[in-house]
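Trainee: This is data.cif, which holds mmCIF, C-alpha atoms:
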data_run
loop_
_atom_site.label_atom_id
_atom_site.label_comp_id
_atom_site.auth_asym_id
_atom_site.auth_seq_id
_atom_site.Cartn_x
_atom_site.Cartn_y
_atom_site.Cartn_z
CA MET A 103 47.05 -0.93 36.70
CA VAL A 104 45.59 -4.40 36.90
CA ARG A 105 44.15 -3.72 40.34
CA LEU A 106 42.60 -0.42 39.21
CA SER A 107 41.01 -2.12 36.21
CA ALA A 108 39.53 -4.84 38.41
CA LEU A 109 38.17 -2.24 40.84
CA ALA A 110 36.57 -0.36 37.98
CA LEU A 111 34.77 -3.52 36.85
CA VAL A 112 33.49 -4.13 40.38
CA LEU A 113 32.19 -0.58 40.78
CA ALA A 114 30.65 -0.31 37.28
CA PRO A 115 27.29 -1.84 38.38
CA ALA A 116 27.01 0.82 41.08
CA VAL A 117 27.32 3.51 38.45
CA ALA A 118 24.60 1.86 36.39
CA LEU A 119 22.26 1.77 39.39
CA ASN A 120 22.88 5.42 40.23
CA PRO A 121 24.10 7.24 37.11
CA SER A 122 23.85 10.65 38.79
CA VAL A 123 27.10 10.15 40.74
CA ASN A 124 30.79 9.87 39.85
CA VAL A 125 32.57 6.93 41.43
CA VAL A 126 36.14 7.67 42.50
CA VAL A 127 38.39 4.70 41.78
CA SER A 128 41.65 6.35 42.70
CA PRO A 129 42.83 9.93 43.20
CA GLY A 130 42.65 11.61 39.84
CA ILE A 131 40.69 8.76 38.17
CA LYS A 132 36.92 8.95 37.81
CA ILE A 133 34.27 6.92 36.04
CA ALA A 134 31.91 9.34 34.40
CA PRO A 135 28.17 8.54 34.47
CA PRO A 136 26.65 7.49 31.15
CA ALA A 137 25.30 10.33 29.04
CA PRO A 138 21.53 10.70 29.37
CA GLN A 139 19.63 9.35 26.40
CA LYS A 140 17.54 11.86 24.54
CA ARG A 141 14.02 10.67 23.82
CA GLY A 142 11.70 12.35 21.40
CA PRO A 143 8.04 12.87 22.14
CA ALA A 144 5.88 9.76 21.96
CA VAL A 145 4.10 9.38 18.64
CA PRO A 146 0.36 9.10 19.27
CA SER A 147 -1.57 6.28 17.67
CA SER A 148 -4.67 6.90 15.59
CA ALA A 149 -6.21 3.76 17.11
CA PRO A 150 -8.35 3.98 20.26
CA LEU A 151 -6.59 3.36 23.57
CA LEU A 152 -7.47 0.09 25.30
CA THR A 153 -7.53 -0.54 29.02
CA ARG A 154 -5.32 -3.26 30.48
CA THR A 155 -8.37 -5.51 30.85
CA GLU A 156 -9.34 -4.92 27.21
CA GLN A 157 -5.79 -5.70 26.07
CA LEU A 158 -5.88 -9.02 27.92
CA ARG A 159 -9.28 -9.85 26.44
CA LEU A 160 -8.03 -8.98 22.94
CA ALA A 161 -5.01 -11.25 23.39
CA ARG A 162 -7.25 -14.07 24.60
CA ASP A 163 -10.25 -13.75 22.27
CA GLY A 164 -8.88 -11.78 19.31
CA GLU A 165 -11.71 -9.25 19.69
CA VAL A 166 -12.90 -6.62 22.13
CA GLN A 167 -15.84 -4.16 22.13
CA ARG A 168 -16.81 -1.14 24.20
CA LYS A 169 -20.09 0.78 23.93
CA ASP A 170 -21.35 3.89 25.68
CA ARG A 171 -25.01 4.53 24.92
CA ARG A 172 -26.50 7.87 25.96
CA GLY A 173 -29.98 8.86 24.86
CA ARG A 174 -30.26 8.69 21.08
CA GLY A 175 -26.52 8.40 20.53
CA GLY A 176 -23.31 7.11 21.87
CA GLN A 177 -19.80 5.93 21.15
CA CYS A 178 -18.42 2.54 20.29
CA VAL A 179 -15.00 0.93 20.00
CA HIS A 180 -14.48 -2.40 18.24
CA VAL A 181 -11.04 -3.99 17.83
CA VAL A 182 -10.16 -7.30 16.20
CA GLU A 183 -6.89 -9.03 15.37
CA THR A 184 -6.25 -11.38 12.46
CA ASN A 185 -3.42 -13.35 10.88
CA GLU A 186 -4.24 -11.86 7.47
CA PRO A 187 -1.60 -9.55 5.93
CA LEU A 188 -2.16 -5.83 6.51
CA GLU A 189 -2.37 -5.04 2.81
CA LYS A 190 -5.11 -7.61 2.25
CA VAL A 191 -7.18 -6.30 5.17
CA TRP A 192 -6.70 -2.69 4.06
CA GLN A 193 -7.81 -3.45 0.49
CA ARG A 194 -10.97 -5.15 1.74
CA LEU A 195 -11.76 -2.16 3.96
CA ARG A 196 -11.17 0.28 1.09
CA ASP A 197 -13.70 -1.65 -1.01
CA VAL A 198 -16.65 0.35 0.31
CA ASP A 199 -18.98 -1.05 -2.35
CA GLY A 200 -18.48 -4.48 -0.77
CA TRP A 201 -19.26 -3.42 2.82
CA SER A 202 -22.77 -4.84 2.64
CA GLY A 203 -21.25 -8.30 2.37
CA LEU A 204 -18.54 -7.64 4.93
CA MET A 205 -20.20 -5.78 7.81
CA ARG A 206 -23.21 -6.77 9.82
CA GLY A 207 -26.13 -4.34 9.62
CA ILE A 208 -25.12 -2.59 6.38
CA LYS A 209 -27.65 -3.48 3.68
CA THR A 210 -26.29 -1.40 0.80
CA SER A 211 -23.07 0.56 0.30
CA LYS A 212 -21.93 2.54 -2.69
CA THR A 213 -19.28 5.08 -3.57
CA ARG A 214 -21.03 8.16 -4.96
CA GLU A 215 -18.12 10.39 -5.99
CA TRP A 216 -14.35 10.64 -5.63
CA LEU A 217 -13.44 14.19 -4.53
CA ASP A 218 -9.70 13.54 -4.92
CA GLU A 219 -7.31 10.57 -4.80
CA THR A 220 -8.03 9.81 -1.12
CA THR A 221 -11.45 11.30 -0.40
CA ARG A 222 -14.90 10.21 -1.55
CA THR A 223 -18.57 10.47 -0.69
CA CYS A 224 -20.50 7.25 -0.06
CA HIS A 225 -24.12 6.25 0.52
CA PHE A 226 -25.22 3.53 2.94
CA SER A 227 -28.47 2.01 4.13
CA VAL A 228 -28.36 0.46 7.58
CA THR A 229 -30.40 -2.30 9.30
CA LYS A 230 -33.45 -4.04 7.82
CA PHE A 231 -35.22 -0.67 7.86
CA ARG A 232 -32.58 0.60 5.40
CA LEU A 233 -31.94 3.87 7.21
CA PRO A 234 -30.06 6.21 4.83
CA CYS A 235 -26.66 7.65 5.67
CA ASP A 236 -24.22 9.62 3.50
CA LEU A 237 -20.60 9.82 4.63
CA VAL A 238 -17.34 11.41 3.51
CA LEU A 239 -14.48 8.90 3.72
CA ALA A 240 -10.82 9.99 3.70
CA GLU A 241 -7.80 7.68 3.52
CA GLU A 242 -4.46 8.51 5.12
CA THR A 243 -1.31 7.02 6.63
CA ASP A 244 -0.62 8.23 10.16
CA SER A 245 2.75 9.08 11.72
CA ARG A 246 3.15 5.49 12.99
CA GLY A 247 2.61 4.01 9.52
CA ALA A 248 -0.93 2.73 10.19
CA GLN A 249 -3.57 2.92 7.46
CA VAL A 250 -6.50 5.12 8.50
CA LEU A 251 -9.97 5.50 6.98
CA ARG A 252 -11.75 8.45 8.58
CA PHE A 253 -15.45 9.16 8.08
CA ASP A 254 -17.83 12.00 8.81
CA LEU A 255 -21.42 12.88 7.93
CA ASP A 256 -21.68 14.27 4.40
CA ARG A 257 -25.19 15.67 4.43
CA ALA A 258 -28.25 15.99 6.63
CA SER A 259 -30.18 12.76 6.98
CA PRO A 260 -33.70 12.09 8.28
CA ALA A 261 -32.23 9.24 10.33
CA VAL A 262 -28.67 10.23 11.31
CA LYS A 263 -27.77 13.49 13.07
CA ARG A 264 -24.11 12.71 13.73
CA CYS A 265 -21.74 10.00 12.57
CA SER A 266 -17.96 10.30 12.70
CA GLY A 267 -14.95 8.18 13.50
CA ALA A 268 -12.15 6.17 11.96
CA TRP A 269 -10.99 2.71 11.00
CA VAL A 270 -7.31 1.99 11.71
CA VAL A 271 -5.39 -0.96 10.26
CA GLU A 272 -1.91 -1.63 11.66
CA ARG A 273 0.58 -4.37 12.46
CA VAL A 274 0.92 -5.18 16.16
CA GLY A 275 3.44 -7.92 16.75
CA ASP A 276 2.70 -10.75 14.32
CA LYS A 277 -0.98 -9.77 13.94
CA THR A 278 -2.93 -7.26 11.88
CA ARG A 279 -5.11 -5.17 14.18
CA VAL A 280 -8.27 -3.49 12.91
CA SER A 281 -9.78 -0.81 15.15
CA LEU A 282 -13.00 1.13 14.82
CA ALA A 283 -13.92 4.12 16.97
CA ALA A 284 -17.20 5.84 16.14
CA SER A 285 -19.57 8.42 17.54
CA ILE A 286 -23.19 8.19 16.35
CA GLU A 287 -26.42 10.04 17.08
CA ALA A 288 -29.84 9.35 15.58
CA THR A 289 -32.49 11.99 14.87
CA ARG A 290 -35.73 12.20 16.86
CA VAL A 291 -37.75 10.64 14.04
CA VAL A 292 -35.97 7.30 14.55
CA PRO A 293 -37.79 5.14 17.12
CA GLY A 294 -35.82 4.09 20.19
CA LEU A 295 -36.23 0.42 19.20
CA ILE A 296 -34.28 1.07 16.00
CA VAL A 297 -31.62 3.04 17.89
CA ASP A 298 -31.14 -0.01 20.10
CA MET A 299 -30.88 -2.24 17.03
CA VAL A 300 -28.21 -0.04 15.45
CA ALA A 301 -26.28 0.04 18.73
CA THR A 302 -26.40 -3.75 18.93
CA LYS A 303 -25.06 -4.16 15.41
CA ALA A 304 -22.37 -1.48 15.72
#
Produce structure tokens that represent the structure in this file.
Mentor:
Amino acid sequence: MVRLSALALVLAPAVALNPSVNVVVSPGIKIAPPAPQKRGPAVPSSAPLLTRTEQLRLARDGEVQRKDRRGRGGQCVHVVETNEPLEKVWQRLRDVDGWSGLMRGIKTSKTREWLDETTRTCHFSVTKFRLPCDLVLAEETDSRGAQVLRFDLDRASPAVKRCSGAWVVERVGDKTRVSLAASIEATRVVPGLIVDMVATKA
């Protein structure tokens, strides 16, 4: 029995390397392969996906941006990491009336009406030209536990044809990560120079 036990210990690594086979130790004695582990489907994140290069840049600089400008519109991704607690960051982001002092390019920001406990309409003016924009903002917690603030255009604007996206605040390691993914399109009445200015300040 001692010899069989020692042989089993020697052959155990082989089973781990190739779990699809049974290793015969002695006639009538087998080491069964480990039961396959059941894995549920991966839970998608509400935050934008970053490339490997962007992940390295975020780890090094604490910030990464990506912009794709096409004609009068485009998409942007902006991700930053901070040592501030998640709850503190989330409360500052929820304070829409204070965005003009928090975000570059926003001159005025005001909550117009709460539609329910998590959804409200807000009015903004953007850049030194104070371009008007009315958005619907909705708060939620995603399946990974991240705090999400989604936004979409509330009403037609002489300056903005399309504006939608989401802010995501989550803990990643020992940091709080804040991600913004947005899709924006200006109307034809907005000069290209101003479109460039908005894109720069996004």
Trainee: So which residues fall inside 7 Å of (-14.8, 1.4, 15.1) if we count all atoms listed in the file? Mind giving them as a PyMOL selection string?
Mentor: chain A and resi 178-180+267-269+281-284
Trainee: Mind pulling up the distance from atom CA of A:Trp216 to atom CA of A:Gln177?
Mentor: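 Atom-to-atom, atom CA of A:Gln177 and atom CA of A:Trp216 are spaced 27.7 Å apart.
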Trainee: Find the residue from A:Thr229, A:Lys277, A:Arg246, A:Val182 that sits nearest to A:Gln167; use only C-alpha atoms when measuring.
Mentor: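 The shortest atom-to-atom distance to A:Gln167 comes from A:Val182.
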Trainee: Work out how far apart atom CA of A:Leu195 and atom CA of A:Thr223 are and give it in Å to one decimal.
Mentor: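 So the two atoms, atom CA of A:Leu195 and atom CA of A:Thr223, lie 15.1 Å apart.
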Trainee: Work out how far atom CA of A:Val271 is from atom CA of A:Lys190, in Å to one decimal.
Mentor: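 Answer for the atom CA of A:Lys190 to atom CA of A:Val271 separation: 10.4 Å.
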Trainee: Which polymer residues have any atom within 9 Å of an atom of stretch 263-265 of chain A, counting only C-alpha atoms, with same-chain residues fewer than 3 positions away left out, as a list in words?
Mentor: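 Close residues of stretch 263-265 of chain A: Gly175, Cys235, Leu237, Phe253, Asp254, Leu255, Ala258, Ser259, Pro260, Ala284, Ser285, Ile286, Glu287, Ala288, Thr289 and Arg290 of chain A.
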Trainee: Do you know which residues the PyMOL selection byres ((chain A and resi 222) around 10) returns on this file, as a ChimeraX atom specification?
Mentor: /A:213-221,223-224,237-241,253,256
Trainee: Filtering to C-alpha atoms, could you give me those residues as a PDB file, in the coordinates of the input?
Mentor:
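Written file, part_15.pdb:
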ATOM      1  CA  THR A 213     -19.280   5.080  -3.570  1.00  0.00           C
ATOM      2  CA  ARG A 214     -21.030   8.160  -4.960  1.00  0.00           C
ATOM      3  CA  GLU A 215     -18.120  10.390  -5.990  1.00  0.00           C
ATOM      4  CA  TRP A 216     -14.350  10.640  -5.630  1.00  0.00           C
ATOM      5  CA  LEU A 217     -13.440  14.190  -4.530  1.00  0.00           C
ATOM      6  CA  ASP A 218      -9.700  13.540  -4.920  1.00  0.00           C
ATOM      7  CA  GLU A 219      -7.310  10.570  -4.800  1.00  0.00           C
ATOM      8  CA  THR A 220      -8.030   9.810  -1.120  1.00  0.00           C
ATOM      9  CA  THR A 221     -11.450  11.300  -0.400  1.00  0.00           C
ATOM     10  CA  THR A 223     -18.570  10.470  -0.690  1.00  0.00           C
ATOM     11  CA  CYS A 224     -20.500   7.250  -0.060  1.00  0.00           C
ATOM     12  CA  LEU A 237     -20.600   9.820   4.630  1.00  0.00           C
ATOM     13  CA  VAL A 238     -17.340  11.410   3.510  1.00  0.00           C
ATOM     14  CA  LEU A 239     -14.480   8.900   3.720  1.00  0.00           C
ATOM     15  CA  ALA A 240     -10.820   9.990   3.700  1.00  0.00           C
ATOM     16  CA  GLU A 241      -7.800   7.680   3.520  1.00  0.00           C
ATOM     17  CA  PHE A 253     -15.450   9.160   8.080  1.00  0.00           C
ATOM     18  CA  ASP A 256     -21.680  14.270   4.400  1.00  0.00           C
TER      19      ASP A 256
END
Trainee: With distances taken over only C-alpha atoms, which residue among A:Val262, A:Leu158, A:Val274, A:Leu204 lies nearest A:Thr184?
Mentor: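 Nearest to A:Thr184: A:Val274.
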Trainee: For A:Gly200, find every residue with an atom within 12 Å (counting only C-alpha atoms), except residues of its own chain fewer than 2 positions away, and show them as a ChimeraX atom specification.
Mentor: /A:193-198,202-206,208-213,224,226
Trainee: For each of A:Val270, A:Arg159, A:Asp199, A:Pro187, take the minimum atom-to-atom distance to A:Thr243, counting all atoms listed in the file, then give the residue where this is smallest.
Mentor: A:Val270
